[in-house]
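Remarks on the structure that follows.
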Amino acid sequence: MSTVNTPMAEETAAPRANTLRSFNFSGRFWVSLVLVVFVIVLGLAGLVYPTGPGEKVGSLYDAPGGGLPLGTDNFGHDVLAVLMAGTRTSLIIGLVAGVVATTIGVTVGLLAGYVGGWFEELLMGVTNVVLAIPAIVVLILISMSLPNSTIWSLALVIGITSWPWTARAVRAQASSVATREHIDVARLSGARLPGILLKDVLPYILSYTVMAFVLQVSGAILAEAALSMLGLGPSGADSLGSQLHWSLAFQAVASGAWWAFLPPTIVLTLVSFGFLLLQASLDEVFNPRLRRGKRKQMKQAAARRAAEARQLLERNDEASDETGAADEASDEAGPAPDHSERSRAGEPS
């Protein structure tokens, strides 16, 4: 009895695993987190940098040195100060646009996936129409129609034009969750549609929503950079795209002033790569099958099954050996005498 209860006692006495350790924080996650934090710190450092982005501290394309780590741009401004301010502006636009696009996409996807029927066909039809129109064309037309584009208006425009792919993906997830038993229980209990969507459907697709938000932020930053390079960026504000626009307009590449265009290019690359890598690594964090604790439990269970299989094989071998020894002993003893033949032989003919 004690032998049977020993494994259960050991499992009960085992210390509980740490919650954070159960998540699979891979090396890609930490690399992406470092890149994203570096970009955020770079944007916030401009608030305490002694030189403002609008202060003229030199002439056209002064080389780095003399208290200017990255030299000056075409206006004689400190490139590092402009870079910090531009990073902060691009991050603000990306975050605001990401919130707008994710909110619209998740709302449309939840309603279409849960309600279904003609309402789903209507919402998905509108989504497909918006997807068929190139987003960059819509962004250019709307930006040109705005007399004075600000950070907030540009972020709103980018968010409104980049939600359809999130809606399609969320609709597929929501339609799968809508067929589960707990949704039927919520309906029978009298819960209303907003409550079911927020309490019973959204938590099951929250991990995908977070990953979609990360991608929306990265896409919004790149979209703002593309518009600013075309001269359609926010008025009166520095951004990474506007830095590239002015460096190209004043022939920074031809004149060899690498400090005017290379830093914003590197920061944009880090932003894009960091957010994309973060989105890819979040799949390992949110997916229970890929968690470190789950893999450890599966390995332990496989080891236990292998040990049990070995023990069973050893028992079968021992049983077969005992059976073989008994057969050999019976063969050595010879065949048993046939009493019926003897009795027939003794009978008179």
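Following the order of the structure tokens, chains are lettered A, B, ..., residues in each are numbered from 1, and ligands are numbered from 1.
Backbone DSSP of stretch 66-98 of chain A yields strand (DSSP E or B) at Leu68, Thr72, His77 and Asp78 of chain A.
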Write to file, as an mmCIF file, in the first residue's frame, the residues of the selection just made, with N, CA, C and O atoms.
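File written: part-v4.cif
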```cif
data_model
loop_
_atom_site.group_PDB
_atom_site.id
_atom_site.type_symbol
_atom_site.label_atom_id
_atom_site.label_comp_id
_atom_site.auth_asym_id
_atom_site.auth_seq_id
_atom_site.Cartn_x
_atom_site.Cartn_y
_atom_site.Cartn_z
ATOM 1 N N LEU A 68 28.809 67.745 -30.475
ATOM 2 C CA LEU A 68 27.684 67.268 -31.289
ATOM 3 C C LEU A 68 27.984 65.825 -31.701
ATOM 4 O O LEU A 68 28.756 65.585 -32.635
ATOM 5 N N THR A 72 25.258 68.093 -37.363
ATOM 6 C CA THR A 72 24.062 68.908 -37.598
ATOM 7 C C THR A 72 23.397 68.465 -38.897
ATOM 8 O O THR A 72 23.996 67.826 -39.750
ATOM 9 N N HIS A 77 20.526 72.061 -37.029
ATOM 10 C CA HIS A 77 20.057 71.525 -35.752
ATOM 11 C C HIS A 77 20.878 70.300 -35.361
ATOM 12 O O HIS A 77 21.443 69.605 -36.222
ATOM 13 N N ASP A 78 20.917 70.053 -34.072
ATOM 14 C CA ASP A 78 21.611 68.879 -33.558
ATOM 15 C C ASP A 78 20.877 67.624 -34.034
ATOM 16 O O ASP A 78 19.694 67.424 -33.736
#
```
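From atom CA of A:His245 back to atom CA of A:Leu268, the distance works out to 13.6 Å.
Between atom CA of A:Met229 and atom CA of A:Leu262 the separation is 14.3 Å.
Of the listed residues (A:Pro53, A:Pro164, A:Gly46, A:Gly76), A:Pro164 comes nearest to A:Ala101; the distances count only C-alpha atoms.
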Item to check | Near-A:Pro264 list (8 Å; only C-alpha atoms; drop same-chain fewer than 2 positions) as a list in words | outcome: Leu83, Leu240, Gly241, Gln243, Leu244, Ala260, Phe261, Leu262, Ile266, Val267 and Leu268 of chain A
File of the preceding selection, N, CA and C atoms, as an mmCIF file, in the first residue's frame:
```cif
data_model
loop_
_atom_site.group_PDB
_atom_site.id
_atom_site.type_symbol
_atom_site.label_atom_id
_atom_site.label_comp_id
_atom_site.auth_asym_id
_atom_site.auth_seq_id
_atom_site.Cartn_x
_atom_site.Cartn_y
_atom_site.Cartn_z
ATOM 1 N N LEU A 83 16.786 63.410 -33.677
ATOM 2 C CA LEU A 83 16.536 61.976 -33.701
ATOM 3 C C LEU A 83 15.715 61.533 -32.492
ATOM 4 N N LEU A 240 10.963 60.411 -37.626
ATOM 5 C CA LEU A 240 12.017 59.692 -38.329
ATOM 6 C C LEU A 240 11.866 59.823 -39.846
ATOM 7 N N GLY A 241 10.633 59.811 -40.315
ATOM 8 C CA GLY A 241 10.401 59.981 -41.739
ATOM 9 C C GLY A 241 10.729 61.374 -42.239
ATOM 10 N N GLN A 243 12.999 63.354 -40.989
ATOM 11 C CA GLN A 243 14.458 63.448 -41.069
ATOM 12 C C GLN A 243 14.981 62.903 -42.393
ATOM 13 N N LEU A 244 14.462 61.757 -42.794
ATOM 14 C CA LEU A 244 14.876 61.196 -44.077
ATOM 15 C C LEU A 244 14.430 62.069 -45.248
ATOM 16 N N ALA A 260 23.302 62.439 -41.269
ATOM 17 C CA ALA A 260 21.975 63.042 -41.429
ATOM 18 C C ALA A 260 20.908 62.007 -41.776
ATOM 19 N N PHE A 261 21.277 60.942 -42.467
ATOM 20 C CA PHE A 261 20.276 59.957 -42.898
ATOM 21 C C PHE A 261 20.487 58.573 -42.309
ATOM 22 N N LEU A 262 21.697 58.239 -41.890
ATOM 23 C CA LEU A 262 21.937 56.891 -41.384
ATOM 24 C C LEU A 262 21.314 56.647 -40.000
ATOM 25 N N ILE A 266 18.692 53.577 -39.173
ATOM 26 C CA ILE A 266 19.003 52.508 -38.215
ATOM 27 C C ILE A 266 17.896 52.381 -37.173
ATOM 28 N N VAL A 267 17.398 53.515 -36.684
ATOM 29 C CA VAL A 267 16.335 53.459 -35.669
ATOM 30 C C VAL A 267 15.063 52.854 -36.249
ATOM 31 N N LEU A 268 14.707 53.221 -37.472
ATOM 32 C CA LEU A 268 13.537 52.612 -38.111
ATOM 33 C C LEU A 268 13.717 51.107 -38.280
#
```
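With atom CA of A:Thr107 on one side and atom CA of A:Glu224 on the other, the separation reads 24.2 Å.
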Next on the checklist: With distances taken over only C-alpha atoms, which residue among A:Ala45, A:Gln311, A:Ser90, A:Asn74 lies nearest A:Leu248?
Outcome noted: A:Asn74
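Omitting A:Leu232 and its sequence neighbours fewer than 5 positions away, and counting only C-alpha atoms, the residues within 9 Å are Ile140, Ser143, Met144, Ser149, Glu224, Ala226, Leu227 and Ser242 of chain A.
Considering only C-alpha atoms, the residue among A:Pro203, A:Ala191, A:Leu110, A:Thr89 positioned nearest to A:Ala220 is A:Thr89.
When only C-alpha atoms are used to measure the gap to A:Val177, the shortest distance among A:Val31, A:Asp200, A:Leu42, A:Ser162 belongs to A:Asp200.
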Write out as a PDB file with N, CA and C atoms, in the first residue's frame each polymer residue whose atoms come within 9 Å of A:Leu33, counting only C-alpha atoms; drop sequence neighbours fewer than 2 positions from it.
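Result saved to out_31.pdb:
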```
ATOM      1  N   ARG A  28      14.768  34.947 -28.250  1.00  0.00           N
ATOM      2  CA  ARG A  28      14.212  35.935 -29.168  1.00  0.00           C
ATOM      3  C   ARG A  28      13.372  36.977 -28.443  1.00  0.00           C
ATOM      4  N   PHE A  29      12.649  36.531 -27.410  1.00  0.00           N
ATOM      5  CA  PHE A  29      11.828  37.472 -26.649  1.00  0.00           C
ATOM      6  C   PHE A  29      12.691  38.518 -25.968  1.00  0.00           C
ATOM      7  N   TRP A  30      13.778  38.079 -25.334  1.00  0.00           N
ATOM      8  CA  TRP A  30      14.623  39.027 -24.611  1.00  0.00           C
ATOM      9  C   TRP A  30      15.354  39.959 -25.567  1.00  0.00           C
ATOM     10  N   VAL A  31      15.777  39.459 -26.717  1.00  0.00           N
ATOM     11  CA  VAL A  31      16.425  40.329 -27.706  1.00  0.00           C
ATOM     12  C   VAL A  31      15.451  41.385 -28.209  1.00  0.00           C
ATOM     13  N   LEU A  35      15.558  45.564 -27.715  1.00  0.00           N
ATOM     14  CA  LEU A  35      15.480  46.505 -28.833  1.00  0.00           C
ATOM     15  C   LEU A  35      14.342  47.499 -28.648  1.00  0.00           C
ATOM     16  N   VAL A  36      13.181  47.010 -28.241  1.00  0.00           N
ATOM     17  CA  VAL A  36      12.028  47.901 -28.055  1.00  0.00           C
ATOM     18  C   VAL A  36      12.283  48.866 -26.909  1.00  0.00           C
ATOM     19  N   VAL A  37      12.836  48.379 -25.812  1.00  0.00           N
ATOM     20  CA  VAL A  37      13.128  49.258 -24.672  1.00  0.00           C
ATOM     21  C   VAL A  37      14.175  50.300 -25.057  1.00  0.00           C
ATOM     22  N   PHE A  38      15.162  49.905 -25.848  1.00  0.00           N
ATOM     23  CA  PHE A  38      16.177  50.864 -26.284  1.00  0.00           C
ATOM     24  C   PHE A  38      15.554  51.994 -27.098  1.00  0.00           C
ATOM     25  N   GLY A 274      12.534  44.948 -34.094  1.00  0.00           N
ATOM     26  CA  GLY A 274      12.221  44.657 -32.697  1.00  0.00           C
ATOM     27  C   GLY A 274      10.768  44.264 -32.494  1.00  0.00           C
ATOM     28  N   PHE A 275       9.834  45.008 -33.094  1.00  0.00           N
ATOM     29  CA  PHE A 275       8.423  44.696 -32.926  1.00  0.00           C
ATOM     30  C   PHE A 275       8.042  43.399 -33.643  1.00  0.00           C
ATOM     31  N   LEU A 277      10.045  40.847 -34.203  1.00  0.00           N
ATOM     32  CA  LEU A 277      10.614  39.757 -33.409  1.00  0.00           C
ATOM     33  C   LEU A 277       9.831  39.555 -32.117  1.00  0.00           C
ATOM     34  N   LEU A 278       9.335  40.654 -31.534  1.00  0.00           N
ATOM     35  CA  LEU A 278       8.523  40.543 -30.319  1.00  0.00           C
ATOM     36  C   LEU A 278       7.216  39.810 -30.607  1.00  0.00           C
TER      37      LEU A 278
END
```
